[in-house]
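start-v8.cif follows; it contains mmCIF, C-alpha atoms.
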data_target
#
loop_
_atom_site.label_atom_id
_atom_site.label_comp_id
_atom_site.auth_asym_id
_atom_site.auth_seq_id
_atom_site.Cartn_x
_atom_site.Cartn_y
_atom_site.Cartn_z
CA MET A 1 7.62 -20.55 3.12
CA TYR A 2 7.08 -19.07 -0.31
CA SER A 3 9.79 -18.02 -2.70
CA ALA A 4 10.95 -14.47 -2.09
CA VAL A 5 9.29 -13.21 -5.29
CA ILE A 6 5.94 -14.68 -4.29
CA GLU A 7 6.28 -13.22 -0.78
CA GLU A 8 7.04 -9.85 -2.32
CA LEU A 9 4.02 -10.04 -4.62
CA ILE A 10 1.73 -11.00 -1.72
CA GLU A 11 3.14 -8.17 0.38
CA LYS A 12 2.53 -5.62 -2.39
CA PHE A 13 -1.13 -6.59 -2.68
CA GLU A 14 -1.52 -6.71 1.08
CA ARG A 15 -0.77 -2.99 1.22
CA LEU A 16 -3.81 -2.12 -0.88
CA PRO A 17 -6.94 -0.99 0.95
CA GLY A 18 -9.43 -3.75 1.83
CA ILE A 19 -7.01 -6.57 1.04
CA GLY A 20 -5.86 -8.77 3.91
CA HIS A 21 -3.11 -11.38 3.89
CA LYS A 22 -5.39 -14.19 2.77
CA SER A 23 -6.85 -12.22 -0.15
CA ALA A 24 -3.38 -11.05 -1.15
CA GLU A 25 -2.24 -14.69 -1.26
CA ARG A 26 -5.23 -15.63 -3.35
CA ILE A 27 -4.58 -12.79 -5.79
CA ALA A 28 -0.87 -13.61 -6.05
CA PHE A 29 -1.60 -17.24 -6.85
CA TYR A 30 -4.27 -16.20 -9.31
CA ILE A 31 -1.73 -14.04 -11.13
CA LEU A 32 0.86 -16.82 -11.08
CA GLU A 33 -1.41 -19.70 -11.98
CA ARG A 34 -4.31 -18.38 -13.99
CA MET A 35 -3.14 -15.24 -15.75
CA SER A 36 -1.24 -15.41 -19.00
CA ALA A 37 2.12 -13.63 -19.08
CA GLU A 38 0.48 -11.13 -21.42
CA GLU A 39 -2.39 -10.36 -19.06
CA ALA A 40 0.04 -9.88 -16.17
CA GLU A 41 2.08 -7.49 -18.27
CA HIS A 42 -1.03 -5.53 -19.19
CA MET A 43 -1.94 -5.28 -15.55
CA ALA A 44 1.50 -4.00 -14.59
CA GLY A 45 1.39 -1.66 -17.58
CA SER A 46 -1.97 -0.21 -16.51
CA ILE A 47 -0.58 0.68 -13.11
CA ILE A 48 2.43 2.45 -14.59
CA LYS A 49 0.41 4.17 -17.31
CA ALA A 50 -2.33 5.40 -14.99
CA LYS A 51 0.20 6.63 -12.47
CA LYS A 52 2.13 8.51 -15.15
CA SER A 53 -0.76 10.09 -17.03
CA ILE A 54 -3.14 10.96 -14.23
CA ARG A 55 -2.98 14.38 -12.66
CA LEU A 56 -5.43 16.82 -11.10
CA CYS A 57 -7.81 18.83 -13.27
CA GLU A 58 -6.64 22.46 -13.08
CA CYS A 59 -10.24 23.49 -12.49
CA CYS A 60 -12.13 20.93 -10.33
CA GLN A 61 -9.06 19.08 -8.97
CA ASN A 62 -10.52 15.70 -9.89
CA LEU A 63 -8.17 13.00 -11.17
CA THR A 64 -7.92 13.13 -14.94
CA ASP A 65 -5.60 12.45 -17.84
CA GLN A 66 -6.63 15.66 -19.61
CA SER A 67 -6.89 19.04 -17.95
CA PRO A 68 -9.46 20.57 -17.81
CA CYS A 69 -11.23 17.25 -17.29
CA PRO A 70 -14.16 16.04 -19.44
CA VAL A 71 -16.72 17.34 -16.92
CA CYS A 72 -15.19 20.82 -16.64
CA SER A 73 -14.76 21.16 -20.39
CA SER A 74 -18.19 19.82 -21.35
CA PRO A 75 -20.45 22.49 -22.88
CA LYS A 76 -23.43 20.49 -21.60
CA ARG A 77 -22.69 20.95 -17.91
CA ASP A 78 -24.26 23.71 -15.89
CA LYS A 79 -21.36 25.99 -14.92
CA LYS A 80 -23.47 27.88 -12.41
CA LEU A 81 -23.43 24.95 -10.02
CA ILE A 82 -20.45 23.47 -8.14
CA CYS A 83 -20.76 20.41 -5.95
CA VAL A 84 -17.92 20.20 -3.41
CA VAL A 85 -16.88 16.65 -2.44
CA GLU A 86 -14.05 15.08 -0.48
CA SER A 87 -12.81 12.54 -3.03
CA PRO A 88 -12.86 11.43 -6.67
CA GLU A 89 -14.92 8.40 -5.55
CA ASP A 90 -17.65 10.82 -4.41
CA VAL A 91 -17.72 12.37 -7.90
CA SER A 92 -18.13 8.88 -9.29
CA ALA A 93 -20.99 8.06 -6.92
CA ILE A 94 -22.84 11.26 -7.87
CA GLU A 95 -22.16 10.84 -11.60
CA ASN A 96 -23.57 7.32 -11.38
CA THR A 97 -26.98 8.80 -10.55
CA HIS A 98 -27.01 10.60 -13.96
CA GLU A 99 -29.13 13.26 -12.24
CA TYR A 100 -26.56 15.95 -11.51
CA ASN A 101 -25.51 18.22 -14.30
CA GLY A 102 -23.31 20.82 -12.61
CA LEU A 103 -19.57 20.88 -12.03
CA TYR A 104 -17.58 19.46 -9.12
CA HIS A 105 -14.80 20.49 -6.83
CA VAL A 106 -12.72 17.77 -5.22
CA LEU A 107 -11.13 18.77 -1.91
CA HIS A 108 -8.97 15.62 -1.60
CA GLY A 109 -9.78 15.22 2.06
CA ALA A 110 -11.55 17.00 4.88
CA LEU A 111 -10.31 19.26 7.63
CA SER A 112 -9.02 17.15 10.49
CA PRO A 113 -7.25 19.01 13.29
CA MET A 114 -6.50 15.70 15.04
CA ASP A 115 -4.50 14.55 12.02
CA GLY A 116 -2.97 17.97 11.42
CA ILE A 117 -4.96 18.50 8.21
CA GLY A 118 -5.77 22.20 7.91
CA PRO A 119 -7.32 24.39 5.18
CA ASP A 120 -4.08 24.58 3.24
CA ASP A 121 -3.83 20.80 3.02
CA ILE A 122 -7.00 20.38 1.01
CA LYS A 123 -8.12 22.16 -2.15
CA ILE A 124 -10.03 25.01 -0.54
CA ASN A 125 -8.03 27.87 -2.05
CA GLU A 126 -8.60 26.39 -5.50
CA LEU A 127 -12.34 26.54 -4.80
CA LEU A 128 -12.16 30.21 -3.82
CA LEU A 129 -10.25 31.00 -7.02
CA ARG A 130 -13.03 29.41 -9.05
CA LEU A 131 -15.60 31.66 -7.41
CA ALA A 132 -13.50 34.78 -7.95
CA ASP A 133 -14.16 34.90 -11.63
CA ASN A 134 -17.87 34.64 -11.28
CA GLU A 135 -20.58 32.78 -13.08
CA VAL A 136 -21.11 30.38 -10.20
CA GLU A 137 -24.50 30.81 -8.53
CA GLU A 138 -24.63 27.91 -6.11
CA VAL A 139 -22.12 25.79 -4.20
CA ILE A 140 -23.49 22.50 -2.87
CA LEU A 141 -21.42 21.20 0.05
CA ALA A 142 -21.46 17.41 -0.30
CA THR A 143 -18.68 16.50 2.11
CA ASN A 144 -19.41 13.38 4.18
CA PRO A 145 -21.77 13.62 7.18
CA THR A 146 -18.90 12.81 9.55
CA VAL A 147 -17.38 15.11 12.17
CA ASN A 148 -14.58 16.13 9.80
CA GLY A 149 -16.81 16.39 6.73
CA THR A 150 -19.33 18.52 8.59
CA ALA A 151 -16.63 20.77 10.04
CA THR A 152 -15.25 21.22 6.53
CA ALA A 153 -18.69 22.16 5.18
CA VAL A 154 -19.20 24.69 7.98
CA TYR A 155 -15.71 26.14 7.44
CA ILE A 156 -16.23 26.52 3.69
CA SER A 157 -19.69 28.02 4.12
CA LYS A 158 -18.17 30.72 6.32
CA LEU A 159 -15.42 31.41 3.80
CA LEU A 160 -18.02 31.75 1.06
CA ALA A 161 -20.20 34.20 2.96
CA PRO A 162 -18.62 37.29 1.33
CA PHE A 163 -19.21 35.89 -2.15
CA ASP A 164 -22.46 36.48 -3.96
CA VAL A 165 -23.23 32.79 -4.11
CA LYS A 166 -25.86 30.51 -2.61
CA VAL A 167 -24.30 27.89 -0.35
CA THR A 168 -26.27 24.68 0.28
CA ARG A 169 -25.61 21.40 2.07
CA ILE A 170 -26.65 18.03 0.66
CA ALA A 171 -29.63 16.63 2.65
CA HIS A 172 -29.22 14.04 5.39
CA GLY A 173 -31.99 11.71 6.51
CA ILE A 174 -33.37 8.21 6.25
CA PRO A 175 -31.93 6.52 3.14
CA ILE A 176 -34.55 5.66 0.50
CA GLY A 177 -35.64 2.02 0.57
CA SER A 178 -34.45 1.42 4.12
CA ASP A 179 -36.46 0.93 7.30
CA ILE A 180 -36.73 3.72 9.86
CA GLU A 181 -36.66 0.89 12.38
CA TYR A 182 -33.05 0.14 11.44
CA ALA A 183 -31.80 3.70 11.06
CA ASP A 184 -29.32 4.91 13.66
CA LYS A 185 -30.40 7.48 16.25
CA ILE A 186 -28.43 10.40 14.86
CA THR A 187 -29.83 9.86 11.37
CA ILE A 188 -33.38 9.77 12.77
CA VAL A 189 -32.83 12.96 14.77
CA LYS A 190 -31.37 14.65 11.69
CA ALA A 191 -34.24 13.42 9.51
CA LEU A 192 -36.81 14.80 11.99
CA GLU A 193 -35.01 18.14 12.26
CA SER A 194 -34.82 18.46 8.47
CA ARG A 195 -38.46 17.55 7.91
CA GLN A 196 -40.13 19.32 5.03
CA LEU A 197 -43.68 20.40 4.18
CA MET A 198 -45.44 17.92 1.89
CA MET B 1 -17.19 8.91 -16.16
CA TYR B 2 -13.55 8.30 -15.38
CA SER B 3 -10.65 8.88 -17.72
CA ALA B 4 -9.96 5.85 -19.91
CA VAL B 5 -6.73 5.05 -18.04
CA ILE B 6 -8.53 5.01 -14.69
CA GLU B 7 -11.31 2.85 -16.14
CA GLU B 8 -8.69 0.45 -17.45
CA LEU B 9 -6.95 0.26 -14.09
CA ILE B 10 -10.24 -0.40 -12.28
CA GLU B 11 -11.14 -3.07 -14.81
CA LYS B 12 -7.79 -4.83 -14.37
CA PHE B 13 -8.25 -5.07 -10.59
CA GLU B 14 -11.86 -6.10 -10.98
CA ARG B 15 -10.71 -9.27 -12.71
CA LEU B 16 -8.80 -10.47 -9.67
CA PRO B 17 -10.51 -13.00 -7.40
CA GLY B 18 -12.50 -11.55 -4.51
CA ILE B 19 -12.40 -8.00 -5.85
CA GLY B 20 -15.68 -6.42 -6.94
CA HIS B 21 -16.19 -3.16 -8.80
CA LYS B 22 -16.30 -1.05 -5.66
CA SER B 23 -13.09 -2.50 -4.22
CA ALA B 24 -11.37 -2.18 -7.59
CA GLU B 25 -12.29 1.52 -7.64
CA ARG B 26 -10.99 1.98 -4.13
CA ILE B 27 -7.71 0.28 -5.03
CA ALA B 28 -7.31 2.29 -8.23
CA PHE B 29 -7.80 5.57 -6.38
CA TYR B 30 -5.46 4.42 -3.64
CA ILE B 31 -2.77 3.78 -6.24
CA LEU B 32 -3.41 7.14 -7.92
CA GLU B 33 -3.78 9.26 -4.81
CA ARG B 34 -1.77 7.67 -2.04
CA MET B 35 1.03 5.69 -3.64
CA SER B 36 4.24 7.35 -4.70
CA ALA B 37 5.26 6.85 -8.33
CA GLU B 38 8.09 4.69 -6.99
CA GLU B 39 5.79 2.42 -4.99
CA ALA B 40 3.50 1.99 -8.00
CA GLU B 41 6.48 1.05 -10.14
CA HIS B 42 7.62 -1.48 -7.54
CA MET B 43 4.18 -2.99 -7.52
CA ALA B 44 4.07 -3.30 -11.30
CA GLY B 45 7.63 -4.65 -11.22
CA SER B 46 6.70 -7.34 -8.66
CA ILE B 47 3.95 -8.62 -10.92
CA ILE B 48 6.26 -8.86 -13.93
CA LYS B 49 9.15 -10.31 -11.92
CA ALA B 50 7.05 -12.95 -10.16
CA LYS B 51 5.35 -13.94 -13.39
CA LYS B 52 8.70 -14.28 -15.15
CA SER B 53 10.65 -16.10 -12.47
CA ILE B 54 8.04 -18.44 -11.04
CA ARG B 55 7.71 -21.91 -12.46
CA LEU B 56 6.78 -25.34 -11.13
CA CYS B 57 9.24 -27.31 -8.99
CA GLU B 58 10.38 -30.26 -11.09
CA CYS B 59 9.79 -32.49 -8.11
CA CYS B 60 6.72 -31.44 -6.11
CA GLN B 61 5.14 -29.14 -8.77
CA ASN B 62 4.72 -26.32 -6.28
CA LEU B 63 5.28 -22.75 -7.50
CA THR B 64 8.89 -21.74 -7.00
CA ASP B 65 11.65 -19.57 -8.39
CA GLN B 66 14.24 -22.28 -7.93
CA SER B 67 13.80 -25.89 -8.94
CA PRO B 68 13.88 -28.12 -6.98
CA CYS B 69 12.09 -25.85 -4.52
CA PRO B 70 13.38 -25.10 -0.99
CA VAL B 71 11.18 -27.81 0.55
CA CYS B 72 12.24 -30.53 -1.90
CA SER B 73 15.91 -29.64 -1.62
CA SER B 74 15.99 -29.26 2.17
CA PRO B 75 18.06 -31.96 3.88
CA LYS B 76 15.89 -31.48 6.96
CA ARG B 77 12.66 -32.70 5.38
CA ASP B 78 11.52 -36.30 5.68
CA LYS B 79 11.69 -37.68 2.16
CA LYS B 80 9.75 -40.79 3.11
CA LEU B 81 6.54 -38.81 3.35
CA ILE B 82 4.61 -37.05 0.57
CA CYS B 83 1.51 -35.00 1.24
CA VAL B 84 -0.64 -34.62 -1.90
CA VAL B 85 -2.61 -31.39 -2.11
CA GLU B 86 -4.67 -29.58 -4.74
CA SER B 87 -3.00 -26.18 -4.70
CA PRO B 88 0.03 -24.14 -3.59
CA GLU B 89 -2.26 -22.40 -1.07
CA ASP B 90 -2.82 -25.77 0.60
CA VAL B 91 0.96 -26.21 0.97
CA SER B 92 1.06 -22.80 2.58
CA ALA B 93 -1.76 -23.68 5.02
CA ILE B 94 -0.01 -26.87 6.09
CA GLU B 95 3.42 -25.23 6.32
CA ASN B 96 1.90 -22.57 8.57
CA THR B 97 1.23 -25.24 11.19
CA HIS B 98 5.00 -25.89 11.45
CA GLU B 99 4.07 -29.48 12.34
CA TYR B 100 4.56 -31.27 9.06
CA ASN B 101 8.07 -32.21 8.04
CA GLY B 102 7.59 -34.31 4.91
CA LEU B 103 7.47 -33.32 1.25
CA TYR B 104 4.49 -32.21 -0.83
CA HIS B 105 3.00 -32.91 -4.20
CA VAL B 106 0.81 -30.23 -5.75
CA LEU B 107 -1.79 -31.57 -8.20
CA HIS B 108 -2.90 -28.13 -9.44
CA GLY B 109 -6.54 -29.05 -9.32
CA ALA B 110 -8.78 -32.05 -8.73
CA LEU B 111 -10.47 -34.48 -11.08
CA SER B 112 -13.71 -32.96 -12.31
CA PRO B 113 -15.51 -34.87 -15.06
CA MET B 114 -18.17 -32.15 -15.22
CA ASP B 115 -15.51 -29.59 -16.17
CA GLY B 116 -13.63 -32.00 -18.39
CA ILE B 117 -10.67 -32.22 -16.01
CA GLY B 118 -9.24 -35.73 -16.20
CA PRO B 119 -6.14 -37.44 -14.78
CA ASP B 120 -3.89 -35.99 -17.49
CA ASP B 121 -4.93 -32.44 -16.64
CA ILE B 122 -3.54 -32.50 -13.12
CA LYS B 123 -0.10 -33.57 -11.90
CA ILE B 124 -0.85 -37.23 -11.21
CA ASN B 125 1.73 -38.73 -13.55
CA GLU B 126 4.39 -36.59 -11.91
CA LEU B 127 3.39 -38.13 -8.57
CA LEU B 128 3.72 -41.67 -9.94
CA LEU B 129 7.18 -40.85 -11.29
CA ARG B 130 8.27 -39.74 -7.82
CA LEU B 131 7.20 -43.07 -6.36
CA ALA B 132 8.96 -45.03 -9.07
CA ASP B 133 12.37 -44.28 -7.73
CA ASN B 134 11.50 -45.29 -4.26
CA GLU B 135 12.33 -44.05 -0.83
CA VAL B 136 8.77 -42.89 -0.25
CA GLU B 137 7.00 -44.87 2.47
CA GLU B 138 3.75 -42.98 2.87
CA VAL B 139 1.53 -40.80 0.70
CA ILE B 140 -0.98 -38.65 2.59
CA LEU B 141 -3.91 -37.64 0.40
CA ALA B 142 -4.86 -34.15 1.53
CA THR B 143 -7.13 -33.11 -1.32
CA ASN B 144 -10.18 -31.13 -0.21
CA PRO B 145 -13.16 -32.96 1.33
CA THR B 146 -15.35 -32.00 -1.64
CA VAL B 147 -16.87 -34.31 -4.25
CA ASN B 148 -14.00 -33.66 -6.66
CA GLY B 149 -11.28 -33.74 -4.00
CA THR B 150 -12.58 -37.01 -2.59
CA ALA B 151 -12.89 -38.57 -6.05
CA THR B 152 -9.31 -37.53 -6.74
CA ALA B 153 -8.11 -39.11 -3.49
CA VAL B 154 -9.94 -42.36 -4.29
CA TYR B 155 -8.56 -42.39 -7.83
CA ILE B 156 -4.98 -41.82 -6.68
CA SER B 157 -5.25 -44.41 -3.91
CA LYS B 158 -6.24 -46.99 -6.54
CA LEU B 159 -3.35 -45.99 -8.79
CA LEU B 160 -0.96 -46.35 -5.88
CA ALA B 161 -2.15 -49.81 -4.88
CA PRO B 162 0.58 -51.63 -6.88
CA PHE B 163 3.31 -49.55 -5.21
CA ASP B 164 4.84 -50.63 -1.94
CA VAL B 165 3.68 -47.48 -0.18
CA LYS B 166 1.23 -46.74 2.60
CA VAL B 167 -1.62 -44.49 1.36
CA THR B 168 -3.50 -42.43 3.95
CA ARG B 169 -6.21 -39.77 3.86
CA ILE B 170 -6.11 -36.67 6.05
CA ALA B 171 -8.76 -36.96 8.84
CA HIS B 172 -12.15 -35.27 8.59
CA GLY B 173 -14.30 -34.41 11.60
CA ILE B 174 -15.40 -31.63 13.93
CA PRO B 175 -12.88 -28.76 13.69
CA ILE B 176 -11.01 -28.09 16.93
CA GLY B 177 -12.43 -25.19 18.94
CA SER B 178 -15.82 -25.29 17.25
CA ASP B 179 -19.18 -26.42 18.62
CA ILE B 180 -20.67 -29.75 17.57
CA GLU B 181 -23.97 -27.90 17.72
CA TYR B 182 -22.93 -25.77 14.75
CA ALA B 183 -21.24 -28.45 12.67
CA ASP B 184 -23.00 -29.47 9.45
CA LYS B 185 -24.65 -32.89 9.22
CA ILE B 186 -22.16 -34.47 6.87
CA THR B 187 -19.23 -33.45 9.07
CA ILE B 188 -20.96 -34.93 12.15
CA VAL B 189 -21.70 -38.19 10.32
CA LYS B 190 -18.09 -38.36 9.14
CA ALA B 191 -16.79 -37.58 12.63
CA LEU B 192 -18.91 -40.35 14.16
CA GLU B 193 -17.82 -42.85 11.51
CA SER B 194 -14.16 -41.99 12.04
CA ARG B 195 -14.36 -42.17 15.85
CA GLN B 196 -11.24 -43.49 17.52
CA LEU B 197 -10.47 -45.37 20.72
CA MET B 198 -9.36 -43.09 23.54
#
Target encoding structure tokens, full file:
Amino acid sequence: MYSAVIEELIEKFERLPGIGHKSAERIAFYILERMSAEEAEHMAGSIIKAKKSIRLCECCQNLTDQSPCPVCSSPKRDKKLICVVESPEDVSAIENTHEYNGLYHVLHGALSPMDGIGPDDIKINELLLRLADNEVEEVILATNPTVNGTATAVYISKLLAPFDVKVTRIAHGIPIGSDIEYADKITIVKALESRQLM
Amino acid sequence: MYSAVIEELIEKFERLPGIGHKSAERIAFYILERMSAEEAEHMAGSIIKAKKSIRLCECCQNLTDQSPCPVCSSPKRDKKLICVVESPEDVSAIENTHEYNGLYHVLHGALSPMDGIGPDDIKINELLLRLADNEVEEVILATNPTVNGTATAVYISKLLAPFDVKVTRIAHGIPIGSDIEYADKITIVKALESRQLM
């Protein structure tokens, strides 16, 4: 129906997460009809450039174009605190709060026996190496509150037991600004269990 | 927060239609984390290639990499019939039905005095030129049933009056499979007005 090159362009966009066939078509036509040749070239260039220059920070394993990354090399960050997350997007979400001043450790996934993802498939060893040389006082486990994320947090907390480090888990409960009425049962149970003295 | 190259990549995707900041982030990380360098290069290459090779069909003005386009040059299509649409996406929607066998004419927009889009800004002259040399018997106006689309259909139908050609408008009414109960008022009014003998 379309020319082969248009079909190919649509198909490429269709493979991206959250983009269905209809959106891919819309994007392809936008590129063909609305973008200047220069803009399209810049877009293609950004993909190539990012892909070539981005690697993992030798320290926190976050995506970066300079290693150690800006967070790890900042003198302003509290090096006694490491927040362990599953993905670079999680780092971004926490950084957006502007309230956390420690370092991060990106696991790039969570343990998932069903999918054959074991401890060696995510960046757990790299975390242990960071603790080996010392100044860390607390590790906050901020993996997702899913079955896999929770299992990963439990697994890591056991691994960290021999180290002289405090291991904490990010709190789970009713989200701020929402209605208890609309919270799901598990969240309510968790929120009741984790209740704190006022 | 992110490296400059990641920020740039996110920003580029954010400019595409239907993609917000969050989706752009997700796509950028997908490209960086999940795609192979080869896949990313193919994606960038598709953008450049499509942008370079796609132009407008000299006949129907649809996007194509060969002019005349496959539809215009097909001996199987009924050259007595031209369906006038606003965009290449509309051609695609009609082709997907596999029920239309005539040719198309893509206007690349609709008249919109509010936005300063007049008859010379869309492919109306190109349509008149196609009628000049004759075998066309019917022009179906399939612009959108919006204020601008309707105005464009009315304008074109007036322009075509001197030509010996039948001018029709695609039907508007209750969509098949939907409930009259949920149809909007204007659609119901239109459907009643356009009622046909059974």
Arg169 (chain B) surroundings by all atoms listed in the file, 7 Å radius, close-in-sequence under 2 positions cut, as a short mmCIF file (atom, residue, chain, number, x, y, z; two decimals) with C-alpha atoms, keeping the file's coordinate frame:
data_model
loop_
_atom_site.label_atom_id
_atom_site.label_comp_id
_atom_site.auth_asym_id
_atom_site.auth_seq_id
_atom_site.Cartn_x
_atom_site.Cartn_y
_atom_site.Cartn_z
CA ILE B 140 -0.98 -38.65 2.59
CA LEU B 141 -3.91 -37.64 0.40
CA ALA B 142 -4.86 -34.15 1.53
CA ALA B 171 -8.76 -36.96 8.84
#
Report as a ChimeraX atom specification the full result of the PyMOL selection byres ((chain B and resi 70) around 12) when it is applied to this structure.
/A:1-4 /B:57-60,62-69,71-77,103-104
List the spatial neighbours of Asn101 (chain A) as an MDAnalysis selection string - criterion: any atom at most 10 Å away, only C-alpha atoms, same-chain residues fewer than 5 positions off excluded.
chainID A and resid 71 76:79 81:83 94:95
Using the chain letters and residue numbers of this document, give as a ChimeraX atom specification the residues selected by the PyMOL selection byres ((chain A) within 9 of (chain B)).
/A:1-6,8-9,12-13,16-19,23,25-33,35-37,40-55,63-66,69-71,88-89,91-92,95-96,108
Could you save the residues just selected, with C-alpha atoms, as a CSV table (one decimal), keeping the file's coordinate frame?
chain,number,residue,atom,x,y,z
A,1,MET,CA,7.6,-20.6,3.1
A,2,TYR,CA,7.1,-19.1,-0.3
A,3,SER,CA,9.8,-18.0,-2.7
A,4,ALA,CA,11.0,-14.5,-2.1
A,5,VAL,CA,9.3,-13.2,-5.3
A,6,ILE,CA,5.9,-14.7,-4.3
A,8,GLU,CA,7.0,-9.8,-2.3
A,9,LEU,CA,4.0,-10.0,-4.6
A,12,LYS,CA,2.5,-5.6,-2.4
A,13,PHE,CA,-1.1,-6.6,-2.7
A,16,LEU,CA,-3.8,-2.1,-0.9
A,17,PRO,CA,-6.9,-1.0,1.0
A,18,GLY,CA,-9.4,-3.8,1.8
A,19,ILE,CA,-7.0,-6.6,1.0
A,23,SER,CA,-6.8,-12.2,-0.2
A,25,GLU,CA,-2.2,-14.7,-1.3
A,26,ARG,CA,-5.2,-15.6,-3.4
A,27,ILE,CA,-4.6,-12.8,-5.8
A,28,ALA,CA,-0.9,-13.6,-6.0
A,29,PHE,CA,-1.6,-17.2,-6.8
A,30,TYR,CA,-4.3,-16.2,-9.3
A,31,ILE,CA,-1.7,-14.0,-11.1
A,32,LEU,CA,0.9,-16.8,-11.1
A,33,GLU,CA,-1.4,-19.7,-12.0
A,35,MET,CA,-3.1,-15.2,-15.8
A,36,SER,CA,-1.2,-15.4,-19.0
A,37,ALA,CA,2.1,-13.6,-19.1
A,40,ALA,CA,0.0,-9.9,-16.2
A,41,GLU,CA,2.1,-7.5,-18.3
A,42,HIS,CA,-1.0,-5.5,-19.2
A,43,MET,CA,-1.9,-5.3,-15.6
A,44,ALA,CA,1.5,-4.0,-14.6
A,45,GLY,CA,1.4,-1.7,-17.6
A,46,SER,CA,-2.0,-0.2,-16.5
A,47,ILE,CA,-0.6,0.7,-13.1
A,48,ILE,CA,2.4,2.4,-14.6
A,49,LYS,CA,0.4,4.2,-17.3
A,50,ALA,CA,-2.3,5.4,-15.0
A,51,LYS,CA,0.2,6.6,-12.5
A,52,LYS,CA,2.1,8.5,-15.2
A,53,SER,CA,-0.8,10.1,-17.0
A,54,ILE,CA,-3.1,11.0,-14.2
A,55,ARG,CA,-3.0,14.4,-12.7
A,63,LEU,CA,-8.2,13.0,-11.2
A,64,THR,CA,-7.9,13.1,-14.9
A,65,ASP,CA,-5.6,12.4,-17.8
A,66,GLN,CA,-6.6,15.7,-19.6
A,69,CYS,CA,-11.2,17.2,-17.3
A,70,PRO,CA,-14.2,16.0,-19.4
A,71,VAL,CA,-16.7,17.3,-16.9
A,88,PRO,CA,-12.9,11.4,-6.7
A,89,GLU,CA,-14.9,8.4,-5.6
A,91,VAL,CA,-17.7,12.4,-7.9
A,92,SER,CA,-18.1,8.9,-9.3
A,95,GLU,CA,-22.2,10.8,-11.6
A,96,ASN,CA,-23.6,7.3,-11.4
A,108,HIS,CA,-9.0,15.6,-1.6
Draw an axis-aligned box over all listed atoms of region 17-30 of chain B, pad each side with 6 Å, and write its centre and edge lengths in Å, one decimal, as lines of an AutoDock Vina configuration file.
center_x = -10.9
center_y = -3.7
center_z = -6.2
size_x = 22.8
size_y = 30.6
size_z = 17.2
Find the residues near region 156-164 of chain B: any atom within 8 Å, counting all atoms listed in the file, skip ones fewer than 6 places away on the same chain, and give them as a list in words.
Ile124, Leu128, Leu131 and Glu137 of chain B
For Asp115 (chain A), which residue out of A:Thr97, A:Asn148, A:Ser194, A:Asn134 is the nearest one, using all atoms listed in the file?
A:Asn148
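Across the model, the gap from CA of Thr168 (chain A) to CA of Gln196 (chain A) is 15.6 Å.
For Leu107 (chain B), the non-local neighbours within 8 Å, defined as residues at least 4 positions apart in the same chain or in other chains and counting all atoms listed in the file, are Gln61, Val84, Val85, Glu86, Ser87, Ile122, Lys123 and Ile124 of chain B.
Atom pair CA of Met198 (chain A) / CA of Val167 (chain A): separated by 23.5 Å.
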Of A:Gly102, A:Gly177, A:Gly109, A:Gly20, the one nearest to Thr143 (chain A) when counting all atoms listed in the file is A:Gly109
Rounded to one decimal place, report the CA of Tyr155 (chain B)-CA of Leu111 (chain B) distance in Å.
8.8 Å
When you look at Ala110 (chain B) with a cut-off of 9 Å (counting all atoms listed in the file), what residues show up, excluding the ones that are within fewer than 6 positions of it in the same chain? I need them as a ChimeraX atom specification.
/B:86,117-119,121-122,143-144,148-153
